[in-house]
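S.K.: I have a structure here, written as structure tokens, and I will follow up with some questions on it.
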Amino acid sequence: MADATAALWQARVDLAACHRLAVHFGYNEGIDNHITLMVPGHKDRFLLAPFGLHWSEIRASDFLVVALDGTVLSGSGLVEDTAFYIHAPLHAARPDVRCVMHTHTPYATALSMLEQPELLMASQNAVGFHDCTAWDCAYNGFALDRSEGERMAGILGDKAVLLLRNHGLVTTGPSVAEAFNSHYFFERAAMTQLIAQASGQPLRSIEPEILAHTLAQYRASETVDGANRVDLHFAALKRMLDRREPDYVQ
């Protein structure tokens, strides 16, 4: 029981950190957008911030526990419709996905607005998303029913990242660290591509053989002396929060 309690609290701390870091990097949009995390040890419930809180004020103790059928199991506050209708179907369809992060980041959203919203293999950061990104080519308005979230889940398939046409970005992962890391680097890749395209000059794509070589390098360098690179990144960002906004752990 003590281990389960500790795991749940750590999940809350990591999810609170994710919200605060999203503000730091400019990923949030007012009080909208949403990030969810499955409750450790469960496949039928997730943590969700009550709607109305600004992400800069979210603390570990604030999260609701929401069942996949929409029942609020603990906590108090509002469950925003689109948060539930996007995240519940994604979690239900992908039990391996523990964290789902959806925002309207400026550059990824701008990329989604292009007639051809493709992340071109023209930068090292983009290469990391070569074989793990799904592209939603339809925009159907707000997700105000479960069918829209189920449609998104079907398009995501077994990928980790979903770019929503005229909408925004969804990243997923087995941990908060993984979902946030994908958000961070996809937004960076979209930013540098759009800056390069704004120059009006043709982009120089990475040659196929170098692309394959770099993909292999990505897979081979996931750890540094046995330590997971993504976890190291997220731990460093949390230390920054510890110095600047220590109340996120409350």
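Chain labels A, B, ... are given in the sequence in which chains occur in the structure tokens; within each chain residues are numbered consecutively from 1, and ligands are likewise numbered from 1 in the order shown.
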Counting only C-alpha atoms, what are the residues of segment 50-118 of chain A within 12 Å of segment 231-246 of chain A, and for each of them which pair of atoms is the nearest and at what distance in Å, to one decimal? Sort the table by chain and rising number, as CSV.
M.R.:
residue,atom,partner,partner_atom,distance
A:Ser56,CA,A:Glu245,CA,9.0
A:Glu57,CA,A:Glu245,CA,9.3
A:Ile58,CA,A:Glu245,CA,10.6
A:Arg59,CA,A:Pro246,CA,9.6
A:Ala60,CA,A:Pro246,CA,11.0
S.K.: Would you kindly return, as a PyMOL selection string, each protein, DNA or RNA residue with an atom no farther than 10 Å from any atom of Phe129 of chain A, considering only C-alpha atoms and excluding same-chain residues fewer than 3 positions away?
M.R.: chain A and resi 119-121+124-126+132-134+159-161+182+185-186+189+215
S.K.: Could you save the residues just selected, with N, CA and C atoms, as a compact mmCIF listing (two decimals), in the first residue's frame?
M.R.:
# COMPACT_ATOMS: atom_id res chain seq x y z
N LEU A 119 6.14 17.24 -41.53
CA LEU A 119 7.41 17.54 -40.88
C LEU A 119 8.49 16.97 -41.79
N LEU A 120 9.17 17.85 -42.49
CA LEU A 120 10.14 17.43 -43.50
C LEU A 120 11.42 16.92 -42.85
N MET A 121 12.01 15.91 -43.46
CA MET A 121 13.25 15.35 -42.93
C MET A 121 14.43 16.21 -43.37
N GLN A 124 17.92 17.53 -37.90
CA GLN A 124 18.21 16.39 -37.03
C GLN A 124 17.05 16.10 -36.08
N ASN A 125 16.43 17.16 -35.54
CA ASN A 125 15.29 16.95 -34.64
C ASN A 125 14.12 16.28 -35.35
N ALA A 126 13.89 16.65 -36.61
CA ALA A 126 12.78 16.06 -37.35
C ALA A 126 12.97 14.56 -37.56
N CYS A 132 7.34 7.66 -36.21
CA CYS A 132 6.47 7.56 -35.03
C CYS A 132 5.36 8.61 -35.03
N THR A 133 5.12 9.26 -36.17
CA THR A 133 4.12 10.33 -36.24
C THR A 133 2.97 9.96 -37.17
N ALA A 134 1.76 10.21 -36.69
CA ALA A 134 0.56 10.04 -37.51
C ALA A 134 0.01 11.42 -37.85
N LYS A 159 1.36 4.73 -33.30
CA LYS A 159 2.36 5.80 -33.28
C LYS A 159 2.36 6.50 -31.92
N ALA A 160 3.35 7.37 -31.72
CA ALA A 160 3.47 8.09 -30.45
C ALA A 160 3.00 9.54 -30.56
N VAL A 161 2.96 10.08 -31.78
CA VAL A 161 2.68 11.49 -32.00
C VAL A 161 1.57 11.62 -33.04
N SER A 182 8.71 14.39 -26.29
CA SER A 182 8.24 14.41 -27.68
C SER A 182 7.62 15.76 -28.04
N PHE A 185 10.55 18.38 -28.51
CA PHE A 185 11.36 18.27 -29.71
C PHE A 185 10.54 18.37 -30.99
N PHE A 186 9.26 17.96 -30.96
CA PHE A 186 8.43 18.17 -32.16
C PHE A 186 8.21 19.66 -32.39
N ALA A 189 11.32 21.08 -33.85
CA ALA A 189 11.49 20.70 -35.25
C ALA A 189 10.55 21.50 -36.14
N LEU A 215 18.53 7.55 -37.92
CA LEU A 215 17.49 6.86 -37.17
C LEU A 215 18.08 5.77 -36.30
S.K.: I'd like the neighbourhood of Thr109 of chain A as a list in words, where a residue qualifies if any of its atoms comes within 12 Å (using only C-alpha atoms), though same-chain residues fewer than 6 positions away should be ignored.
M.R.: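 Here the qualifying residues turn out to be Tyr27, Glu29, His102, Thr103, Pro117, Glu118, Leu119, Leu162, Leu163, Leu164, Arg165, Asn166, His167, Gly168, Leu169, Val170, His183, Phe186, Glu187, Ala190, Met191 and Leu194 of chain A.
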S.K.: Where in segment 67-186 of chain A does DSSP assign alpha helix (DSSP H), given as a PyMOL selection string?
M.R.: chain A and resi 81-93+106-112+124-127+146-156+176-186
S.K.: List the spatial neighbours of Cys99 of chain A as a VMD selection string - criterion: any atom at most 9 Å away, only C-alpha atoms, same-chain residues fewer than 3 positions off excluded.
M.R.: chain A and resid 15 35 to 38 46 91 171 to 180
S.K.: Write out the residues from the selection above, keeping N, CA, C and O atoms, as a CSV table (one decimal), in the first residue's frame.
M.R.:
chain,number,residue,atom,x,y,z
A,15,LEU,N,3.1,15.1,-13.2
A,15,LEU,CA,2.0,15.7,-14.1
A,15,LEU,C,1.9,17.2,-13.8
A,15,LEU,O,1.7,18.0,-14.7
A,35,ILE,N,-3.6,17.6,-20.3
A,35,ILE,CA,-2.6,16.6,-20.2
A,35,ILE,C,-3.2,15.5,-19.2
A,35,ILE,O,-3.7,15.9,-18.1
A,36,THR,N,-3.1,14.3,-19.5
A,36,THR,CA,-3.6,13.2,-18.6
A,36,THR,C,-2.6,12.2,-18.4
A,36,THR,O,-1.7,12.0,-19.2
A,37,LEU,N,-2.7,11.5,-17.3
A,37,LEU,CA,-1.8,10.4,-16.9
A,37,LEU,C,-2.6,9.3,-16.2
A,37,LEU,O,-3.3,9.6,-15.3
A,38,MET,N,-2.4,8.1,-16.7
A,38,MET,CA,-3.1,7.0,-16.1
A,38,MET,C,-2.6,6.8,-14.6
A,38,MET,O,-1.4,7.0,-14.3
A,46,PHE,N,-7.7,8.0,-15.0
A,46,PHE,CA,-6.5,8.8,-15.2
A,46,PHE,C,-6.6,10.1,-14.4
A,46,PHE,O,-7.7,10.5,-13.9
A,91,HIS,N,-6.7,6.8,-24.3
A,91,HIS,CA,-6.2,5.8,-23.2
A,91,HIS,C,-6.8,4.5,-23.4
A,91,HIS,O,-6.1,3.4,-23.2
A,171,THR,N,1.0,14.3,-28.1
A,171,THR,CA,2.1,13.4,-27.9
A,171,THR,C,1.7,12.4,-26.8
A,171,THR,O,1.0,12.7,-25.9
A,172,THR,N,2.2,11.2,-26.9
A,172,THR,CA,1.9,10.1,-26.0
A,172,THR,C,3.1,9.5,-25.5
A,172,THR,O,4.2,9.6,-26.2
A,173,GLY,N,3.0,8.7,-24.4
A,173,GLY,CA,4.2,8.0,-24.0
A,173,GLY,C,3.9,7.1,-22.8
A,173,GLY,O,2.9,7.3,-22.1
A,174,PRO,N,4.8,6.2,-22.4
A,174,PRO,CA,4.7,5.4,-21.3
A,174,PRO,C,4.9,6.1,-20.0
A,174,PRO,O,4.7,5.6,-18.9
A,175,SER,N,5.3,7.4,-20.1
A,175,SER,CA,5.6,8.2,-18.9
A,175,SER,C,5.4,9.7,-19.3
A,175,SER,O,5.3,10.0,-20.4
A,176,VAL,N,5.2,10.5,-18.2
A,176,VAL,CA,5.1,12.0,-18.5
A,176,VAL,C,6.4,12.5,-19.2
A,176,VAL,O,6.3,13.3,-20.1
A,177,ALA,N,7.5,12.0,-18.7
A,177,ALA,CA,8.8,12.4,-19.3
A,177,ALA,C,8.8,12.1,-20.8
A,177,ALA,O,9.3,13.0,-21.6
A,178,GLU,N,8.4,11.0,-21.3
A,178,GLU,CA,8.4,10.6,-22.7
A,178,GLU,C,7.4,11.5,-23.5
A,178,GLU,O,7.8,12.0,-24.6
A,179,ALA,N,6.2,11.8,-23.0
A,179,ALA,CA,5.2,12.6,-23.7
A,179,ALA,C,5.7,14.0,-23.8
A,179,ALA,O,5.6,14.7,-24.8
A,180,PHE,N,6.3,14.5,-22.7
A,180,PHE,CA,6.8,15.9,-22.7
A,180,PHE,C,8.0,16.0,-23.6
A,180,PHE,O,8.1,17.0,-24.4
S.K.: Hey, can you check how far atom CA of Asp3 of chain A sits from atom CA of Ser61 of chain A?
M.R.: 17.7 Å
S.K.: Ile31 of chain A: which residues within 8 Å, counting only C-alpha atoms, same-chain residues fewer than 6 positions away excluded, as a list in words?
M.R.: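 In the requested form, the answer reads Phe51, Gly52, Leu53, His54 and Trp55 of chain A.
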S.K.: Could you write those residues out with all heavy atoms, as a PDB file, in the first residue's frame?
M.R.:
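That gives us again16.pdb:
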ATOM      1  N   PHE A  51     -10.793  21.815 -14.758  1.00  0.00           N
ATOM      2  CA  PHE A  51     -10.861  22.912 -15.714  1.00  0.00           C
ATOM      3  C   PHE A  51     -11.079  24.233 -14.979  1.00  0.00           C
ATOM      4  O   PHE A  51     -11.882  24.328 -14.050  1.00  0.00           O
ATOM      5  CB  PHE A  51     -11.994  22.686 -16.711  1.00  0.00           C
ATOM      6  CG  PHE A  51     -12.022  23.704 -17.807  1.00  0.00           C
ATOM      7  CD1 PHE A  51     -10.994  23.773 -18.721  1.00  0.00           C
ATOM      8  CD2 PHE A  51     -13.066  24.612 -17.909  1.00  0.00           C
ATOM      9  CE1 PHE A  51     -11.005  24.714 -19.736  1.00  0.00           C
ATOM     10  CE2 PHE A  51     -13.094  25.552 -18.915  1.00  0.00           C
ATOM     11  CZ  PHE A  51     -12.050  25.612 -19.834  1.00  0.00           C
ATOM     12  N   GLY A  52     -10.356  25.249 -15.420  1.00  0.00           N
ATOM     13  CA  GLY A  52     -10.448  26.575 -14.817  1.00  0.00           C
ATOM     14  C   GLY A  52      -9.165  27.000 -14.144  1.00  0.00           C
ATOM     15  O   GLY A  52      -8.939  28.192 -13.936  1.00  0.00           O
ATOM     16  N   LEU A  53      -8.312  26.029 -13.809  1.00  0.00           N
ATOM     17  CA  LEU A  53      -7.009  26.376 -13.251  1.00  0.00           C
ATOM     18  C   LEU A  53      -6.062  26.770 -14.380  1.00  0.00           C
ATOM     19  O   LEU A  53      -6.038  26.127 -15.438  1.00  0.00           O
ATOM     20  CB  LEU A  53      -6.408  25.194 -12.490  1.00  0.00           C
ATOM     21  CG  LEU A  53      -7.085  24.769 -11.188  1.00  0.00           C
ATOM     22  CD1 LEU A  53      -6.351  23.571 -10.596  1.00  0.00           C
ATOM     23  CD2 LEU A  53      -7.125  25.922 -10.192  1.00  0.00           C
ATOM     24  N   HIS A  54      -5.271  27.820 -14.147  1.00  0.00           N
ATOM     25  CA  HIS A  54      -4.200  28.123 -15.091  1.00  0.00           C
ATOM     26  C   HIS A  54      -3.070  27.143 -14.839  1.00  0.00           C
ATOM     27  O   HIS A  54      -2.789  26.776 -13.694  1.00  0.00           O
ATOM     28  CB  HIS A  54      -3.703  29.568 -14.905  1.00  0.00           C
ATOM     29  CG  HIS A  54      -2.841  30.035 -16.032  1.00  0.00           C
ATOM     30  ND1 HIS A  54      -1.478  29.843 -16.048  1.00  0.00           N
ATOM     31  CD2 HIS A  54      -3.156  30.672 -17.188  1.00  0.00           C
ATOM     32  CE1 HIS A  54      -0.978  30.348 -17.162  1.00  0.00           C
ATOM     33  NE2 HIS A  54      -1.988  30.848 -17.877  1.00  0.00           N
ATOM     34  N   TRP A  55      -2.426  26.701 -15.908  1.00  0.00           N
ATOM     35  CA  TRP A  55      -1.402  25.676 -15.731  1.00  0.00           C
ATOM     36  C   TRP A  55      -0.247  26.142 -14.843  1.00  0.00           C
ATOM     37  O   TRP A  55       0.460  25.335 -14.273  1.00  0.00           O
ATOM     38  CB  TRP A  55      -0.883  25.218 -17.090  1.00  0.00           C
ATOM     39  CG  TRP A  55      -1.878  24.383 -17.841  1.00  0.00           C
ATOM     40  CD1 TRP A  55      -3.204  24.190 -17.527  1.00  0.00           C
ATOM     41  CD2 TRP A  55      -1.642  23.621 -19.018  1.00  0.00           C
ATOM     42  NE1 TRP A  55      -3.801  23.366 -18.440  1.00  0.00           N
ATOM     43  CE2 TRP A  55      -2.872  23.000 -19.364  1.00  0.00           C
ATOM     44  CE3 TRP A  55      -0.516  23.402 -19.812  1.00  0.00           C
ATOM     45  CZ2 TRP A  55      -2.979  22.165 -20.483  1.00  0.00           C
ATOM     46  CZ3 TRP A  55      -0.635  22.581 -20.922  1.00  0.00           C
ATOM     47  CH2 TRP A  55      -1.862  21.972 -21.256  1.00  0.00           C
TER      48      TRP A  55
END
S.K.: If you run DSSP on the backbone, which residues of segment 35-80 of chain A are strand (DSSP E or B), as a PyMOL selection string?
M.R.: chain A and resi 35-38+45-48+51+64-67+72-74+78
S.K.: Hey, can you check how far atom CA of Val66 of chain A sits from atom CA of Gln250 of chain A?
M.R.: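 Interatomic distance here is 20.2 Å.
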S.K.: Skip segment 209-212 of chain A itself and residues of its chain fewer than 4 positions away, then list as a PyMOL selection string all residues within 10 Å of it, counting only C-alpha atoms.
M.R.: chain A and resi 121-124+127-128+130+205+216-218
